[in-house]
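Here the structure is laid out as structure tokens; the discussion comes afterwards.
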Amino acid sequence: MNLTDVAVPNLVPLPVLLPLLGAALTLAFRRSPRLQRGVSIAVLAAVVAVAGALVWQTDVNGPQVLWLGAWQEPLGISLVADRLSALMLLVSGIVTLLVLVFAIGQGQADSDDESESETPLTIFHPTYLVLSAGVANAFLAGDLFNLFVGFEILLFSSYVLITLGGSAARIHAGTTYVVVSLLSSALFLVAIAAAYAATGTVNLAQLAIRIGDLAPGVALVLQLSLLTAFAIKAAVFPMSAWLPDSYPTAPAPVTAVFAGLLTKVGVYAIIRTQTLLFPDSPLQGLLMWAALLTMVIGILGAVSQSGLKRILSFTLVSHIGYMIFGIALATPEGTAGAIFYIAHHITIQTALFLITGLVERLAGTTSLDRLGGLAVASPVLATLFFVSAMNLSGIPPLSGFLAKVGLLNAGIELGTPLAWLLVVGGIVTSLLTLYALTKVWSQAFWRTLADAPRSTETAAAIEAGTLDVEPSADPAGTVLVDTVRVDTVRVDTIRVDTGSRALPRTMLGATAAMTVVGLLITVVAGPLFAYTQRAATDLMSRDPYITSVLPVEVRR
């Protein structure tokens with residue numbers, strides 16, 4: 001055994017350990033916002049570097065496995081990095097880092113003085129790093145119970161973040177989010193108990209071997225239990241109604257990281273369990289219908305909205321359908337398309353929610369009835385929105401177009417009537433996404449503010465002093481869903497003309513960087529799609545994962 005054989009597996013737990021250690025340090029440095037910022041950025045930058053190394057190693061040398069505590073296989077806890085989990089780690093690390101920079105910029109622009117904020121920075125940084133650790137743990141978990149632990153870390157940290165500021169709307173949304181999350185966690189825990197009772201293990205590699213020996217009815221119950229729990233977390237229709245009411249109330253950076261990552265952890269869990277545990281799934285048709293309904297109903301909800309945050313929340317739900325589309329095809333091409341689409345969607349959806357945060361900061365509202373003239377007020381912001389919107393809509397040659405083409409080709413190759421229906425549904429959803437985001441562009445950016453239906457009402461309310469006031473709440477910003485916010489000190493938060501108002505450079509730079517990452521996926525689409533195809537091949541064959549995790553003598 002050479003040094004590389006020892007060193008590389010020891011990198012696997014670092015995406016979990018580093019954020020947890022960073023959370024402890026930022027809590028210890030609670031009286032120094034500057035040190036908190038430095039530690040948080042350094043930790044997440046290190047996670048990105050480790051994830052990049054794991055992407056390279058898993059592609060060249062196969063899955064990397066570490067058994068924690070040196071327990072004899074398969075009794076201990078295993079962390080497994082293969083091509084899929086390493087790519088998810090890299091993309092999520094980049095997203096969490098850039099969103100953190102955005103949040104720091106917003107905190108600096110508002111105030112470093114905790115006395116002026118309802119929620120101190122001491123809460124935000126440790127909780128955010130714990131969230132990052134939970135995401136990484138879920139991606140690396142080699143057994144169902146450790147995956148459950150990752151989800152629970154996400155739950156308690158995300159509840160703190162979604163309720164930052166303590167406003168009534170946030171507490172209500174946070175309560176809904178927690179109730180739904182607890183329900184899915186309870187279902188997941190019951191499924192874990194049932195899996196252990198039926199097979200005597202919760203290790204994913206061992207389960208992959210033993211589930212085949214179960215009676216078909218028992219295996220189907222296990223599959224339905226796991227699929228339901230993960231579908232709730234991933235916001236798959238009909239279990240997606242909670243999302244549009246929960247995410248938009250959170251601070252802008254929190255909404256961005258939730259939209260970009262949290263639902264994708266549920267999608268990742270579906271990919272992992274469907275390919276590894278249930279390769280010959282009898283539920284392929286059910287998944288196809290779920291994908292179709294998620295796409296169509298989600299996008300119909302988006303086109304019916306008049307607020308930017310809710311439009312994006314419904315498009316988020318809709319585009320989860322594309323990922324389930326690829327999974328449901330149960331082919332290497334479909335799985336590769338789903339993985340590519342996840343990487344694309346994480347970056348673009350995050351960028352759009354960051355842009356929404358800047359729109360709100362510039363105009364004081366995200367209601368399309370009150371917006372106008374933003375292209376004149378901030379041409380850079382308008383450019384960022386236009387590029388990201390076209391990317392999400394699937395305009396060639398951007399990554400959104402390439403991702404959708406990959407999925408549509410996979411559906412056409414399968415050739416079943418339901419696959420063709422999904423292809424048609426995917427095209428319709430893409431066109432309606434373009435319509436919804438074009439509506440945002442024309443109303444919020446292109447028209448003048450004077451043409452906005454409620455601009456006169458807003459201006460009159462400002463002059464009369466009758467507009468409701470909602471003070472700034474935390475280092476990551478604040479607003480209720482599609483309502484107007486006026487800062488208690490600076491009453492010019494809402495602009496009634498198209499005069500320029502400088503956006504904080506750090507926030508704008510982080511948003512631009514997130515948009516550029518989405519464009520870089522277009523640039524490296526060829527190598528990235530080849531990578532996802534190799535990942536999908538390994539997932540469908542299952543052998544690379546099982547042989548890397550379990551020695552020959554315990555493969556029963």
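A note on labels: chains of the structure tokens are A, B, ... as shown, every chain counts residues from 1, and ligands are counted from 1 in their shown order.
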(message) So that I can see what lies close to Lys309 in chain A, please list as a ChimeraX atom specification the residues with an atom at most 12 Å from it, counting only C-alpha atoms and leaving out residues fewer than 2 positions away in the same chain.
(response) /A:243-252,255-256,259,302,305-307,311-316,349,352-360,365-368,437,440,479-483
List every residue of range 224-462 of chain A that DSSP, applied to the backbone of this structure, assigns to helix (DSSP H, G or I), and report them as a PDB file with C-alpha atoms, in the first residue's frame.
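Printed below is selection_19.pdb as written:
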```
ATOM      1  CA  LEU A 224     -42.192   3.049  -1.759  1.00  0.00           C
ATOM      2  CA  SER A 225     -41.263   4.105   1.782  1.00  0.00           C
ATOM      3  CA  LEU A 226     -37.871   5.453   0.797  1.00  0.00           C
ATOM      4  CA  LEU A 227     -39.176   7.054  -2.370  1.00  0.00           C
ATOM      5  CA  THR A 228     -41.968   8.854  -0.518  1.00  0.00           C
ATOM      6  CA  ALA A 229     -39.609  10.197   2.142  1.00  0.00           C
ATOM      7  CA  PHE A 230     -37.136  11.485  -0.440  1.00  0.00           C
ATOM      8  CA  ALA A 231     -39.846  12.830  -2.751  1.00  0.00           C
ATOM      9  CA  ILE A 232     -41.129  15.058   0.064  1.00  0.00           C
ATOM     10  CA  LYS A 233     -37.642  16.467   0.608  1.00  0.00           C
ATOM     11  CA  ALA A 234     -37.129  16.913  -3.138  1.00  0.00           C
ATOM     12  CA  LEU A 243     -42.012  24.799  -1.006  1.00  0.00           C
ATOM     13  CA  PRO A 244     -43.443  27.980  -2.644  1.00  0.00           C
ATOM     14  CA  ASP A 245     -44.753  29.146   0.734  1.00  0.00           C
ATOM     15  CA  SER A 246     -41.581  28.354   2.697  1.00  0.00           C
ATOM     16  CA  TYR A 247     -38.538  29.502   0.733  1.00  0.00           C
ATOM     17  CA  PRO A 248     -39.544  33.049  -0.347  1.00  0.00           C
ATOM     18  CA  THR A 249     -39.900  34.354   3.214  1.00  0.00           C
ATOM     19  CA  ALA A 252     -32.049  36.355   0.202  1.00  0.00           C
ATOM     20  CA  PRO A 253     -28.847  34.306   0.683  1.00  0.00           C
ATOM     21  CA  VAL A 254     -30.718  31.668   2.667  1.00  0.00           C
ATOM     22  CA  THR A 255     -33.394  31.364  -0.011  1.00  0.00           C
ATOM     23  CA  ALA A 256     -30.669  31.080  -2.650  1.00  0.00           C
ATOM     24  CA  VAL A 257     -28.792  28.245  -0.941  1.00  0.00           C
ATOM     25  CA  PHE A 258     -32.031  26.442  -0.063  1.00  0.00           C
ATOM     26  CA  ALA A 259     -33.293  26.679  -3.640  1.00  0.00           C
ATOM     27  CA  GLY A 260     -29.959  25.603  -5.062  1.00  0.00           C
ATOM     28  CA  LEU A 261     -29.107  22.738  -2.738  1.00  0.00           C
ATOM     29  CA  LEU A 262     -31.669  21.365  -0.312  1.00  0.00           C
ATOM     30  CA  THR A 263     -34.118  19.866  -2.780  1.00  0.00           C
ATOM     31  CA  LYS A 264     -31.175  18.435  -4.745  1.00  0.00           C
ATOM     32  CA  VAL A 265     -30.108  16.446  -1.695  1.00  0.00           C
ATOM     33  CA  GLY A 266     -33.481  14.707  -1.899  1.00  0.00           C
ATOM     34  CA  VAL A 267     -33.000  14.129  -5.628  1.00  0.00           C
ATOM     35  CA  TYR A 268     -29.515  12.737  -4.945  1.00  0.00           C
ATOM     36  CA  ALA A 269     -30.992  10.288  -2.425  1.00  0.00           C
ATOM     37  CA  ILE A 270     -33.537   9.142  -5.025  1.00  0.00           C
ATOM     38  CA  ILE A 271     -30.780   8.567  -7.599  1.00  0.00           C
ATOM     39  CA  ARG A 272     -28.623   6.673  -5.117  1.00  0.00           C
ATOM     40  CA  THR A 273     -31.342   4.361  -3.817  1.00  0.00           C
ATOM     41  CA  GLN A 274     -33.094   3.787  -7.155  1.00  0.00           C
ATOM     42  CA  THR A 275     -29.916   2.806  -8.982  1.00  0.00           C
ATOM     43  CA  LEU A 276     -28.142   0.943  -6.166  1.00  0.00           C
ATOM     44  CA  GLN A 284     -40.667   3.276 -13.342  1.00  0.00           C
ATOM     45  CA  GLY A 285     -44.071   4.261 -14.727  1.00  0.00           C
ATOM     46  CA  LEU A 286     -45.076   5.918 -11.440  1.00  0.00           C
ATOM     47  CA  LEU A 287     -41.877   7.964 -11.451  1.00  0.00           C
ATOM     48  CA  MET A 288     -42.516   9.042 -15.034  1.00  0.00           C
ATOM     49  CA  TRP A 289     -45.981  10.316 -14.148  1.00  0.00           C
ATOM     50  CA  ALA A 290     -44.569  12.094 -11.091  1.00  0.00           C
ATOM     51  CA  ALA A 291     -41.925  13.741 -13.287  1.00  0.00           C
ATOM     52  CA  LEU A 292     -44.489  14.879 -15.836  1.00  0.00           C
ATOM     53  CA  LEU A 293     -46.890  16.294 -13.260  1.00  0.00           C
ATOM     54  CA  THR A 294     -44.067  18.005 -11.361  1.00  0.00           C
ATOM     55  CA  MET A 295     -42.877  19.740 -14.530  1.00  0.00           C
ATOM     56  CA  VAL A 296     -46.267  20.807 -15.839  1.00  0.00           C
ATOM     57  CA  ILE A 297     -48.081  21.762 -12.638  1.00  0.00           C
ATOM     58  CA  GLY A 298     -45.011  23.542 -11.282  1.00  0.00           C
ATOM     59  CA  ILE A 299     -44.593  25.706 -14.363  1.00  0.00           C
ATOM     60  CA  LEU A 300     -48.331  26.456 -14.567  1.00  0.00           C
ATOM     61  CA  GLY A 301     -48.023  27.745 -11.020  1.00  0.00           C
ATOM     62  CA  ALA A 302     -45.090  29.930 -12.074  1.00  0.00           C
ATOM     63  CA  VAL A 303     -46.876  31.589 -14.989  1.00  0.00           C
ATOM     64  CA  LEU A 308     -40.613  37.305  -8.659  1.00  0.00           C
ATOM     65  CA  LYS A 309     -39.863  35.127  -5.642  1.00  0.00           C
ATOM     66  CA  ARG A 310     -42.901  32.949  -6.110  1.00  0.00           C
ATOM     67  CA  ILE A 311     -42.294  32.653  -9.849  1.00  0.00           C
ATOM     68  CA  LEU A 312     -38.811  31.334  -9.160  1.00  0.00           C
ATOM     69  CA  SER A 313     -40.077  29.046  -6.386  1.00  0.00           C
ATOM     70  CA  PHE A 314     -42.556  27.427  -8.764  1.00  0.00           C
ATOM     71  CA  THR A 315     -39.936  27.103 -11.503  1.00  0.00           C
ATOM     72  CA  LEU A 316     -37.753  25.380  -8.920  1.00  0.00           C
ATOM     73  CA  VAL A 317     -40.488  22.817  -8.320  1.00  0.00           C
ATOM     74  CA  SER A 318     -41.093  22.451 -12.053  1.00  0.00           C
ATOM     75  CA  HIS A 319     -37.481  21.782 -12.938  1.00  0.00           C
ATOM     76  CA  ILE A 320     -37.168  19.103 -10.261  1.00  0.00           C
ATOM     77  CA  GLY A 321     -39.401  17.237 -12.707  1.00  0.00           C
ATOM     78  CA  TYR A 322     -36.616  17.197 -15.304  1.00  0.00           C
ATOM     79  CA  MET A 323     -34.328  15.410 -12.835  1.00  0.00           C
ATOM     80  CA  ILE A 324     -37.001  12.835 -11.971  1.00  0.00           C
ATOM     81  CA  PHE A 325     -37.558  12.470 -15.738  1.00  0.00           C
ATOM     82  CA  GLY A 326     -33.983  11.265 -16.179  1.00  0.00           C
ATOM     83  CA  ILE A 327     -34.112   8.976 -13.140  1.00  0.00           C
ATOM     84  CA  ALA A 328     -37.426   7.429 -14.207  1.00  0.00           C
ATOM     85  CA  LEU A 329     -36.052   6.399 -17.601  1.00  0.00           C
ATOM     86  CA  PRO A 332     -27.518   5.212 -18.434  1.00  0.00           C
ATOM     87  CA  GLU A 333     -28.368   8.061 -20.810  1.00  0.00           C
ATOM     88  CA  GLY A 334     -31.282   9.227 -18.675  1.00  0.00           C
ATOM     89  CA  THR A 335     -29.271   9.031 -15.453  1.00  0.00           C
ATOM     90  CA  ALA A 336     -26.379  10.937 -17.050  1.00  0.00           C
ATOM     91  CA  GLY A 337     -28.805  13.612 -18.228  1.00  0.00           C
ATOM     92  CA  ALA A 338     -30.287  13.891 -14.729  1.00  0.00           C
ATOM     93  CA  ILE A 339     -26.861  14.320 -13.130  1.00  0.00           C
ATOM     94  CA  PHE A 340     -25.859  16.966 -15.667  1.00  0.00           C
ATOM     95  CA  TYR A 341     -29.167  18.749 -15.125  1.00  0.00           C
ATOM     96  CA  ILE A 342     -28.660  18.788 -11.350  1.00  0.00           C
ATOM     97  CA  ALA A 343     -25.253  20.454 -11.715  1.00  0.00           C
ATOM     98  CA  HIS A 344     -26.683  23.010 -14.138  1.00  0.00           C
ATOM     99  CA  HIS A 345     -29.793  23.737 -12.100  1.00  0.00           C
ATOM    100  CA  ILE A 346     -28.013  24.195  -8.766  1.00  0.00           C
ATOM    101  CA  THR A 347     -25.904  27.009 -10.175  1.00  0.00           C
ATOM    102  CA  ILE A 348     -28.579  28.783 -12.219  1.00  0.00           C
ATOM    103  CA  GLN A 349     -31.356  28.626  -9.637  1.00  0.00           C
ATOM    104  CA  THR A 350     -28.989  29.947  -6.982  1.00  0.00           C
ATOM    105  CA  ALA A 351     -27.906  32.788  -9.277  1.00  0.00           C
ATOM    106  CA  LEU A 352     -31.523  33.770  -9.968  1.00  0.00           C
ATOM    107  CA  PHE A 353     -32.397  33.944  -6.287  1.00  0.00           C
ATOM    108  CA  LEU A 354     -29.287  36.035  -5.582  1.00  0.00           C
ATOM    109  CA  ILE A 355     -30.364  38.353  -8.393  1.00  0.00           C
ATOM    110  CA  THR A 356     -33.802  38.534  -6.783  1.00  0.00           C
ATOM    111  CA  GLY A 357     -32.157  39.626  -3.551  1.00  0.00           C
ATOM    112  CA  LEU A 358     -30.421  42.448  -5.423  1.00  0.00           C
ATOM    113  CA  VAL A 359     -33.667  43.442  -7.137  1.00  0.00           C
ATOM    114  CA  GLU A 360     -35.314  43.691  -3.758  1.00  0.00           C
ATOM    115  CA  ARG A 361     -32.463  45.727  -2.362  1.00  0.00           C
ATOM    116  CA  LEU A 362     -32.550  48.089  -5.309  1.00  0.00           C
ATOM    117  CA  ALA A 363     -36.316  48.496  -5.641  1.00  0.00           C
ATOM    118  CA  LEU A 368     -44.005  42.778 -10.578  1.00  0.00           C
ATOM    119  CA  ASP A 369     -46.892  45.223 -10.168  1.00  0.00           C
ATOM    120  CA  ARG A 370     -44.506  47.638  -8.453  1.00  0.00           C
ATOM    121  CA  LEU A 374     -34.453  48.180 -13.508  1.00  0.00           C
ATOM    122  CA  ALA A 375     -32.525  47.858 -16.773  1.00  0.00           C
ATOM    123  CA  VAL A 376     -31.846  51.584 -16.580  1.00  0.00           C
ATOM    124  CA  ALA A 377     -31.290  51.644 -12.831  1.00  0.00           C
ATOM    125  CA  PRO A 379     -27.645  47.523 -16.398  1.00  0.00           C
ATOM    126  CA  VAL A 380     -25.286  45.006 -14.779  1.00  0.00           C
ATOM    127  CA  LEU A 381     -28.112  43.488 -12.741  1.00  0.00           C
ATOM    128  CA  ALA A 382     -30.312  43.374 -15.834  1.00  0.00           C
ATOM    129  CA  THR A 383     -27.570  41.553 -17.757  1.00  0.00           C
ATOM    130  CA  LEU A 384     -27.120  38.987 -14.993  1.00  0.00           C
ATOM    131  CA  PHE A 385     -30.839  38.294 -14.862  1.00  0.00           C
ATOM    132  CA  PHE A 386     -31.173  38.014 -18.643  1.00  0.00           C
ATOM    133  CA  VAL A 387     -28.284  35.560 -18.962  1.00  0.00           C
ATOM    134  CA  SER A 388     -29.465  33.382 -16.053  1.00  0.00           C
ATOM    135  CA  ALA A 389     -33.104  33.470 -17.209  1.00  0.00           C
ATOM    136  CA  MET A 390     -32.168  32.387 -20.721  1.00  0.00           C
ATOM    137  CA  ASN A 391     -29.976  29.642 -19.291  1.00  0.00           C
ATOM    138  CA  LEU A 392     -32.772  28.267 -17.103  1.00  0.00           C
ATOM    139  CA  SER A 393     -35.217  28.471 -20.019  1.00  0.00           C
ATOM    140  CA  SER A 399     -26.049  24.662 -20.446  1.00  0.00           C
ATOM    141  CA  GLY A 400     -29.799  24.628 -19.816  1.00  0.00           C
ATOM    142  CA  PHE A 401     -30.355  23.809 -23.492  1.00  0.00           C
ATOM    143  CA  LEU A 402     -27.678  21.115 -23.475  1.00  0.00           C
ATOM    144  CA  ALA A 403     -29.052  19.541 -20.290  1.00  0.00           C
ATOM    145  CA  LYS A 404     -32.585  19.427 -21.679  1.00  0.00           C
ATOM    146  CA  VAL A 405     -31.409  18.009 -25.003  1.00  0.00           C
ATOM    147  CA  GLY A 406     -29.611  15.226 -23.143  1.00  0.00           C
ATOM    148  CA  LEU A 407     -32.778  14.291 -21.273  1.00  0.00           C
ATOM    149  CA  LEU A 408     -35.002  14.552 -24.347  1.00  0.00           C
ATOM    150  CA  ASN A 409     -32.648  12.370 -26.372  1.00  0.00           C
ATOM    151  CA  ALA A 410     -32.692   9.776 -23.592  1.00  0.00           C
ATOM    152  CA  GLY A 411     -36.494   9.795 -23.619  1.00  0.00           C
ATOM    153  CA  ILE A 412     -36.609   9.446 -27.400  1.00  0.00           C
ATOM    154  CA  GLU A 413     -34.128   6.543 -27.286  1.00  0.00           C
ATOM    155  CA  LEU A 414     -36.309   4.687 -24.777  1.00  0.00           C
ATOM    156  CA  PRO A 417     -45.410   6.085 -25.119  1.00  0.00           C
ATOM    157  CA  LEU A 418     -44.881   7.437 -21.605  1.00  0.00           C
ATOM    158  CA  ALA A 419     -41.304   8.441 -22.469  1.00  0.00           C
ATOM    159  CA  TRP A 420     -42.602  10.359 -25.499  1.00  0.00           C
ATOM    160  CA  LEU A 421     -45.179  12.048 -23.277  1.00  0.00           C
ATOM    161  CA  LEU A 422     -42.347  13.141 -20.987  1.00  0.00           C
ATOM    162  CA  VAL A 423     -40.445  14.512 -23.980  1.00  0.00           C
ATOM    163  CA  VAL A 424     -43.455  16.608 -24.971  1.00  0.00           C
ATOM    164  CA  GLY A 425     -43.960  17.701 -21.365  1.00  0.00           C
ATOM    165  CA  GLY A 426     -40.315  18.717 -21.124  1.00  0.00           C
ATOM    166  CA  ILE A 427     -40.559  20.877 -24.257  1.00  0.00           C
ATOM    167  CA  VAL A 428     -43.779  22.539 -23.063  1.00  0.00           C
ATOM    168  CA  THR A 429     -42.255  23.201 -19.645  1.00  0.00           C
ATOM    169  CA  SER A 430     -39.198  24.796 -21.237  1.00  0.00           C
ATOM    170  CA  LEU A 431     -41.365  27.099 -23.363  1.00  0.00           C
ATOM    171  CA  LEU A 432     -43.513  28.092 -20.394  1.00  0.00           C
ATOM    172  CA  THR A 433     -40.365  28.755 -18.349  1.00  0.00           C
ATOM    173  CA  LEU A 434     -39.242  31.109 -21.102  1.00  0.00           C
ATOM    174  CA  TYR A 435     -42.655  32.793 -21.021  1.00  0.00           C
ATOM    175  CA  ALA A 436     -42.612  33.239 -17.230  1.00  0.00           C
ATOM    176  CA  LEU A 437     -39.108  34.684 -17.131  1.00  0.00           C
ATOM    177  CA  THR A 438     -39.719  36.863 -20.185  1.00  0.00           C
ATOM    178  CA  LYS A 439     -42.691  38.315 -18.321  1.00  0.00           C
ATOM    179  CA  VAL A 440     -40.371  39.178 -15.439  1.00  0.00           C
ATOM    180  CA  TRP A 441     -37.891  40.762 -17.842  1.00  0.00           C
ATOM    181  CA  SER A 442     -40.474  42.863 -19.648  1.00  0.00           C
ATOM    182  CA  GLN A 443     -42.222  44.062 -16.495  1.00  0.00           C
ATOM    183  CA  ALA A 444     -39.415  44.456 -13.977  1.00  0.00           C
ATOM    184  CA  PHE A 445     -36.516  45.449 -16.230  1.00  0.00           C
ATOM    185  CA  TRP A 446     -37.729  46.698 -19.602  1.00  0.00           C
ATOM    186  CA  LEU A 449     -41.574  52.364 -13.488  1.00  0.00           C
ATOM    187  CA  ALA A 450     -44.288  54.829 -14.423  1.00  0.00           C
ATOM    188  CA  ASP A 451     -45.967  52.080 -16.442  1.00  0.00           C
ATOM    189  CA  SER A 455     -46.153  52.412  -8.956  1.00  0.00           C
ATOM    190  CA  THR A 456     -48.356  55.465  -8.404  1.00  0.00           C
ATOM    191  CA  GLU A 457     -49.945  53.822  -5.370  1.00  0.00           C
ATOM    192  CA  THR A 458     -46.537  53.018  -3.917  1.00  0.00           C
ATOM    193  CA  ALA A 459     -45.189  56.517  -4.489  1.00  0.00           C
ATOM    194  CA  ALA A 460     -48.296  58.073  -2.912  1.00  0.00           C
ATOM    195  CA  ALA A 461     -47.999  55.784   0.094  1.00  0.00           C
ATOM    196  CA  ILE A 462     -44.376  56.808   0.585  1.00  0.00           C
TER     197      ILE A 462
END
```
(request) Skip Val130 in chain A itself and residues of its chain fewer than 4 positions away, then list as a PyMOL selection string all residues within 8 Å of it, counting only C-alpha atoms. (result) chain A and resi 19-20+23+126+134+153-154+157
Output of the above residues as a PDB file, in the first residue's frame, restricted to N, CA, C and O atoms:
```
ATOM      1  N   PRO A  19     -16.315  22.038   7.899  1.00  0.00           N
ATOM      2  CA  PRO A  19     -17.367  22.979   8.287  1.00  0.00           C
ATOM      3  C   PRO A  19     -17.773  22.868   9.757  1.00  0.00           C
ATOM      4  O   PRO A  19     -18.091  23.882  10.392  1.00  0.00           O
ATOM      5  N   LEU A  20     -17.757  21.658  10.325  1.00  0.00           N
ATOM      6  CA  LEU A  20     -18.103  21.521  11.738  1.00  0.00           C
ATOM      7  C   LEU A  20     -17.062  22.199  12.623  1.00  0.00           C
ATOM      8  O   LEU A  20     -17.409  22.887  13.596  1.00  0.00           O
ATOM      9  N   ALA A  23     -17.546  25.860  12.252  1.00  0.00           N
ATOM     10  CA  ALA A  23     -18.692  26.338  13.027  1.00  0.00           C
ATOM     11  C   ALA A  23     -18.310  26.589  14.478  1.00  0.00           C
ATOM     12  O   ALA A  23     -18.722  27.590  15.084  1.00  0.00           O
ATOM     13  N   PRO A 126     -22.023  30.111  12.204  1.00  0.00           N
ATOM     14  CA  PRO A 126     -21.956  28.707  12.635  1.00  0.00           C
ATOM     15  C   PRO A 126     -23.071  27.856  12.031  1.00  0.00           C
ATOM     16  O   PRO A 126     -22.829  26.720  11.612  1.00  0.00           O
ATOM     17  N   GLY A 134     -23.948  19.257   6.802  1.00  0.00           N
ATOM     18  CA  GLY A 134     -25.054  18.336   6.603  1.00  0.00           C
ATOM     19  C   GLY A 134     -25.226  17.933   5.148  1.00  0.00           C
ATOM     20  O   GLY A 134     -25.481  16.758   4.836  1.00  0.00           O
ATOM     21  N   ILE A 153     -29.226  17.028  10.248  1.00  0.00           N
ATOM     22  CA  ILE A 153     -28.353  18.201  10.377  1.00  0.00           C
ATOM     23  C   ILE A 153     -28.888  19.332   9.504  1.00  0.00           C
ATOM     24  O   ILE A 153     -28.927  20.503   9.923  1.00  0.00           O
ATOM     25  N   LEU A 154     -29.305  18.984   8.295  1.00  0.00           N
ATOM     26  CA  LEU A 154     -29.911  19.985   7.415  1.00  0.00           C
ATOM     27  C   LEU A 154     -31.162  20.582   8.051  1.00  0.00           C
ATOM     28  O   LEU A 154     -31.398  21.795   7.968  1.00  0.00           O
ATOM     29  N   SER A 157     -30.402  23.051  11.173  1.00  0.00           N
ATOM     30  CA  SER A 157     -29.691  24.264  10.758  1.00  0.00           C
ATOM     31  C   SER A 157     -30.540  25.109   9.812  1.00  0.00           C
ATOM     32  O   SER A 157     -30.558  26.343   9.898  1.00  0.00           O
TER      33      SER A 157
END
```
(message) Please report the interatomic distance between CA of Asp538 in chain A and CA of Ala53 in chain A in Å with one decimal.
(response) 19.2 Å
(request) Check the smallest atom-to-atom distance from each of A:Leu520, A:Leu79, A:Met514, A:Ala194 to Leu98 in chain A using only C-alpha atoms, then report the winner. (result)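 Using only C-alpha atoms, Leu98 in chain A sits closest to A:Met514.
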(request) Do a neighbour search on Arg534 in chain A at 9 Å with only C-alpha atoms, toss out local chain neighbours closer than 3 positions, and write the hits as JSON, numbers by chain. (result) {"A": [59, 83, 332, 336, 529, 530, 531, 537, 538, 539]}
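Atom pair CA of Phe278 in chain A / CA of Leu214 in chain A: separated by 11.7 Å.
Look at Phe29 in chain A: the protein and nucleic acid residues within 12 Å of it, using only C-alpha atoms and passing over chain neighbours fewer than 4 places away, are Gly22, Ala23, Ala24, Leu25, Pro33, Arg34, Leu35, Gln36, Arg37, Gly38, Val39, Ser40, Leu121, Thr122, Ile123, His125 and Pro126 of chain A.
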(request) Tell me which of A:Val221, A:Val55, A:Val549, A:Met507 sits closest to Gly107 in chain A, counting only C-alpha atoms. (result) A:Met507
